[in-house]
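Heads up: the structure comes next, in structure tokens.
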Amino acid sequence: MKSKLFIVLVAMCFTSFSAHAELEQQDSLYVVHFGFTYTDPTIPNGGQNKSPVVPPSVSIDGHILYLYSGCVGTTLQVVNDLNEVVYTTEIPDEIEEIELPDTLVGEYELQILRGNFCFYATIDL
């Protein structure tokens, strides 16, 4: 019984984390704080071990994304308010920054897909 209660409490912690995604300004850069969800919720625990989920470390300045960690081998997507992917790219290991198209203006959801996780944050371009 206690183990089931512990699992429910852990699930509630992850749920509250997944609802939190924001930007924090540091100088001219904005640090992106990601929420996360599972891309396939039918896989228990996201198909991962019991280690905590570590989101990617990313900053944005205008249309330039600076990739610090957790992005190698992932897919980057920019999604509009109609839930349409308007930009997508694979992130290889030698990339440290990505310039998003200047044609993207307004509020978008930035998504980084890694394994069974979708890390997301709202950005303003």
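In the structure tokens, chains take the letters A, B, ... in the order shown, each chain's residues start at 1, and ligands count up from 1 in the order shown.
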Report as a PDB file with N, CA and C atoms, in the first residue's frame all protein, DNA and RNA residues lying within 10 Å of Gly106 (chain A), evaluated on only C-alpha atoms, omitting residues in the same chain fewer than 3 positions from it.
```
ATOM      1  N   ASN A  80       3.194  25.938 -34.198  1.00  0.00           N
ATOM      2  CA  ASN A  80       2.363  27.137 -34.086  1.00  0.00           C
ATOM      3  C   ASN A  80       1.135  26.885 -33.221  1.00  0.00           C
ATOM      4  N   ASP A  81       0.279  27.902 -33.085  1.00  0.00           N
ATOM      5  CA  ASP A  81      -0.892  27.799 -32.216  1.00  0.00           C
ATOM      6  C   ASP A  81      -1.968  26.859 -32.750  1.00  0.00           C
ATOM      7  N   THR A 103      11.177  34.267 -40.826  1.00  0.00           N
ATOM      8  CA  THR A 103       9.756  34.328 -41.181  1.00  0.00           C
ATOM      9  C   THR A 103       8.859  33.922 -40.015  1.00  0.00           C
ATOM     10  N   ILE A 123       7.937  30.096 -26.690  1.00  0.00           N
ATOM     11  CA  ILE A 123       8.919  31.123 -27.033  1.00  0.00           C
ATOM     12  C   ILE A 123       8.232  32.207 -27.848  1.00  0.00           C
ATOM     13  N   ASP A 124       8.785  33.396 -27.813  1.00  0.00           N
ATOM     14  CA  ASP A 124       8.261  34.525 -28.564  1.00  0.00           C
ATOM     15  C   ASP A 124       9.334  34.955 -29.555  1.00  0.00           C
ATOM     16  N   LEU A 125       9.024  34.877 -30.844  1.00  0.00           N
ATOM     17  CA  LEU A 125      10.002  35.250 -31.870  1.00  0.00           C
ATOM     18  C   LEU A 125       9.596  36.551 -32.532  1.00  0.00           C
TER      19      LEU A 125
END
```
Compile the contact shell of Val79 (chain A) as a short mmCIF file (atom, residue, chain, number, x, y, z; two decimals) with all heavy atoms, in the first residue's frame: residues with an atom at most 12 Å away, counting only C-alpha atoms, same-chain residues fewer than 2 positions apart removed.
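Generated file (result.cif):
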```
data_model
loop_
_atom_site.label_atom_id
_atom_site.label_comp_id
_atom_site.auth_asym_id
_atom_site.auth_seq_id
_atom_site.Cartn_x
_atom_site.Cartn_y
_atom_site.Cartn_z
N LEU A 76 14.45 18.90 -33.08
CA LEU A 76 13.92 20.20 -32.67
C LEU A 76 12.72 20.51 -33.55
O LEU A 76 12.79 20.37 -34.77
CB LEU A 76 14.98 21.29 -32.83
CG LEU A 76 14.48 22.71 -32.64
CD1 LEU A 76 14.51 23.07 -31.17
CD2 LEU A 76 15.31 23.68 -33.43
N GLN A 77 11.62 20.93 -32.93
CA GLN A 77 10.43 21.34 -33.67
C GLN A 77 9.93 22.68 -33.14
O GLN A 77 10.02 22.94 -31.94
CB GLN A 77 9.29 20.32 -33.50
CG GLN A 77 9.56 18.98 -34.07
CD GLN A 77 8.36 18.05 -33.99
OE1 GLN A 77 8.25 17.20 -34.80
NE2 GLN A 77 7.48 18.18 -33.03
N ASP A 81 0.28 27.90 -33.08
CA ASP A 81 -0.89 27.80 -32.22
C ASP A 81 -1.97 26.86 -32.75
O ASP A 81 -2.90 26.52 -32.04
CB ASP A 81 -1.47 29.18 -31.91
CG ASP A 81 -1.92 29.93 -33.15
OD1 ASP A 81 -1.61 29.50 -34.27
OD2 ASP A 81 -2.57 30.98 -32.98
N LEU A 82 -1.84 26.43 -34.00
CA LEU A 82 -2.76 25.45 -34.58
C LEU A 82 -2.22 24.03 -34.43
O LEU A 82 -2.74 23.09 -35.02
CB LEU A 82 -3.01 25.75 -36.06
CG LEU A 82 -3.64 27.11 -36.36
CD1 LEU A 82 -3.71 27.35 -37.86
CD2 LEU A 82 -5.01 27.22 -35.71
N ASN A 83 -1.13 23.89 -33.65
CA ASN A 83 -0.47 22.62 -33.41
C ASN A 83 0.16 22.03 -34.68
O ASN A 83 0.27 20.82 -34.82
CB ASN A 83 -1.41 21.61 -32.74
CG ASN A 83 -0.66 20.66 -31.83
OD1 ASN A 83 0.40 20.99 -31.33
ND2 ASN A 83 -1.23 19.50 -31.61
N GLU A 84 0.57 22.93 -35.60
CA GLU A 84 1.25 22.51 -36.83
C GLU A 84 2.75 22.74 -36.67
O GLU A 84 3.18 23.79 -36.19
CB GLU A 84 0.76 23.33 -38.02
CG GLU A 84 -0.72 23.21 -38.28
CD GLU A 84 -1.22 24.25 -39.28
OE1 GLU A 84 -0.64 25.35 -39.37
OE2 GLU A 84 -2.21 23.94 -39.96
N VAL A 85 3.54 21.75 -37.08
CA VAL A 85 5.00 21.90 -37.05
C VAL A 85 5.39 22.80 -38.21
O VAL A 85 5.17 22.48 -39.37
CB VAL A 85 5.70 20.53 -37.16
CG1 VAL A 85 7.21 20.71 -37.22
CG2 VAL A 85 5.30 19.63 -36.00
N VAL A 86 5.96 23.97 -37.89
CA VAL A 86 6.33 24.95 -38.92
C VAL A 86 7.84 24.93 -39.19
O VAL A 86 8.30 25.52 -40.16
CB VAL A 86 5.88 26.38 -38.54
CG1 VAL A 86 4.36 26.45 -38.54
CG2 VAL A 86 6.45 26.83 -37.22
N TYR A 87 8.60 24.26 -38.33
CA TYR A 87 10.05 24.12 -38.53
C TYR A 87 10.50 22.88 -37.77
O TYR A 87 10.06 22.63 -36.65
CB TYR A 87 10.79 25.35 -38.00
CG TYR A 87 12.29 25.24 -38.13
CD1 TYR A 87 12.92 25.51 -39.34
CD2 TYR A 87 13.09 24.87 -37.04
CE1 TYR A 87 14.31 25.41 -39.47
CE2 TYR A 87 14.46 24.78 -37.17
CZ TYR A 87 15.07 25.04 -38.38
OH TYR A 87 16.42 24.94 -38.50
N THR A 88 11.36 22.10 -38.39
CA THR A 88 11.91 20.92 -37.74
C THR A 88 13.32 20.67 -38.24
O THR A 88 13.64 20.97 -39.40
CB THR A 88 11.01 19.67 -37.96
OG1 THR A 88 11.51 18.60 -37.17
CG2 THR A 88 10.97 19.25 -39.40
N LEU A 104 9.43 33.29 -39.00
CA LEU A 104 8.66 32.91 -37.82
C LEU A 104 8.59 34.11 -36.88
O LEU A 104 9.60 34.54 -36.34
CB LEU A 104 9.30 31.72 -37.11
CG LEU A 104 9.40 30.42 -37.91
CD1 LEU A 104 10.12 29.35 -37.09
CD2 LEU A 104 8.03 29.94 -38.35
N VAL A 105 7.39 34.64 -36.71
CA VAL A 105 7.18 35.81 -35.85
C VAL A 105 5.97 35.53 -34.98
O VAL A 105 4.93 35.08 -35.47
CB VAL A 105 6.96 37.09 -36.70
CG1 VAL A 105 6.68 38.28 -35.80
CG2 VAL A 105 8.15 37.35 -37.60
N GLY A 106 6.11 35.79 -33.69
CA GLY A 106 5.00 35.59 -32.77
C GLY A 106 5.32 34.52 -31.74
O GLY A 106 6.48 34.18 -31.50
N GLU A 107 4.27 33.96 -31.15
CA GLU A 107 4.42 32.97 -30.09
C GLU A 107 4.35 31.56 -30.67
O GLU A 107 3.44 31.25 -31.44
CB GLU A 107 3.33 33.17 -29.04
CG GLU A 107 3.53 32.35 -27.80
CD GLU A 107 2.53 32.71 -26.72
OE1 GLU A 107 2.78 33.69 -25.99
OE2 GLU A 107 1.50 32.02 -26.64
N TYR A 108 5.32 30.73 -30.28
CA TYR A 108 5.40 29.35 -30.74
C TYR A 108 5.75 28.44 -29.57
O TYR A 108 6.23 28.90 -28.53
CB TYR A 108 6.49 29.20 -31.81
CG TYR A 108 6.17 29.91 -33.10
CD1 TYR A 108 6.58 31.22 -33.30
CD2 TYR A 108 5.46 29.28 -34.10
CE1 TYR A 108 6.29 31.88 -34.48
CE2 TYR A 108 5.17 29.93 -35.28
CZ TYR A 108 5.58 31.22 -35.47
OH TYR A 108 5.27 31.88 -36.63
N GLU A 109 5.53 27.15 -29.78
CA GLU A 109 6.00 26.17 -28.82
C GLU A 109 7.26 25.54 -29.38
O GLU A 109 7.27 25.04 -30.51
CB GLU A 109 4.96 25.08 -28.56
CG GLU A 109 5.41 24.07 -27.51
CD GLU A 109 4.33 23.09 -27.13
OE1 GLU A 109 3.53 23.43 -26.23
OE2 GLU A 109 4.28 22.01 -27.73
N LEU A 110 8.33 25.60 -28.60
CA LEU A 110 9.59 24.97 -28.95
C LEU A 110 9.55 23.57 -28.35
O LEU A 110 9.25 23.41 -27.17
CB LEU A 110 10.76 25.76 -28.37
CG LEU A 110 12.15 25.20 -28.58
CD1 LEU A 110 12.52 25.24 -30.05
CD2 LEU A 110 13.16 25.98 -27.76
N GLN A 111 9.82 22.55 -29.18
CA GLN A 111 9.82 21.18 -28.70
C GLN A 111 11.15 20.53 -29.03
O GLN A 111 11.67 20.70 -30.13
CB GLN A 111 8.71 20.35 -29.37
CG GLN A 111 7.32 20.83 -29.08
CD GLN A 111 6.27 20.00 -29.80
OE1 GLN A 111 6.56 19.21 -30.69
NE2 GLN A 111 5.02 20.20 -29.40
N ILE A 112 11.69 19.78 -28.07
CA ILE A 112 12.86 18.96 -28.30
C ILE A 112 12.44 17.54 -27.98
O ILE A 112 12.04 17.23 -26.85
CB ILE A 112 14.07 19.41 -27.46
CG1 ILE A 112 14.48 20.81 -27.91
CG2 ILE A 112 15.22 18.42 -27.60
CD1 ILE A 112 15.66 21.39 -27.17
N TYR A 120 9.13 20.85 -23.86
CA TYR A 120 8.45 21.94 -24.54
C TYR A 120 8.52 23.22 -23.73
O TYR A 120 8.63 23.20 -22.50
CB TYR A 120 6.99 21.58 -24.82
CG TYR A 120 6.20 21.35 -23.56
CD1 TYR A 120 5.56 22.41 -22.93
CD2 TYR A 120 6.12 20.10 -23.00
CE1 TYR A 120 4.85 22.21 -21.76
CE2 TYR A 120 5.41 19.89 -21.82
CZ TYR A 120 4.77 20.94 -21.21
OH TYR A 120 4.08 20.75 -20.05
N ALA A 121 8.48 24.33 -24.45
CA ALA A 121 8.44 25.65 -23.83
C ALA A 121 7.84 26.62 -24.84
O ALA A 121 7.99 26.45 -26.04
CB ALA A 121 9.82 26.11 -23.40
N THR A 122 7.19 27.64 -24.35
CA THR A 122 6.65 28.69 -25.21
C THR A 122 7.73 29.73 -25.43
O THR A 122 8.38 30.18 -24.48
CB THR A 122 5.42 29.34 -24.56
OG1 THR A 122 4.44 28.32 -24.34
CG2 THR A 122 4.83 30.41 -25.45
N ILE A 123 7.94 30.10 -26.69
CA ILE A 123 8.92 31.12 -27.03
C ILE A 123 8.23 32.21 -27.85
O ILE A 123 7.21 31.96 -28.49
CB ILE A 123 10.12 30.56 -27.82
CG1 ILE A 123 9.68 29.86 -29.11
CG2 ILE A 123 10.94 29.62 -26.95
CD1 ILE A 123 10.82 29.45 -30.02
N ASP A 124 8.78 33.40 -27.81
CA ASP A 124 8.26 34.53 -28.56
C ASP A 124 9.33 34.96 -29.56
O ASP A 124 10.43 35.35 -29.15
CB ASP A 124 7.92 35.66 -27.61
CG ASP A 124 6.81 36.56 -28.11
OD1 ASP A 124 6.23 36.24 -29.17
OD2 ASP A 124 6.52 37.56 -27.45
#
```
Could you pull out the residues in region 60-97 of chain A that DSSP calls strand (DSSP E) from the backbone, as a list in words?
Ile60, Asp61, Ile64, Leu65, Tyr66, Leu67, Tyr68, Ser69, Thr74, Thr75, Leu76, Gln77, Val78, Val79, Val85, Val86, Tyr87, Thr88, Thr89, Glu90, Ile91 and Glu97 of chain A
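Coordinates place CA of Thr39 (chain A) at a distance of 15.9 Å from CA of Pro56 (chain A).
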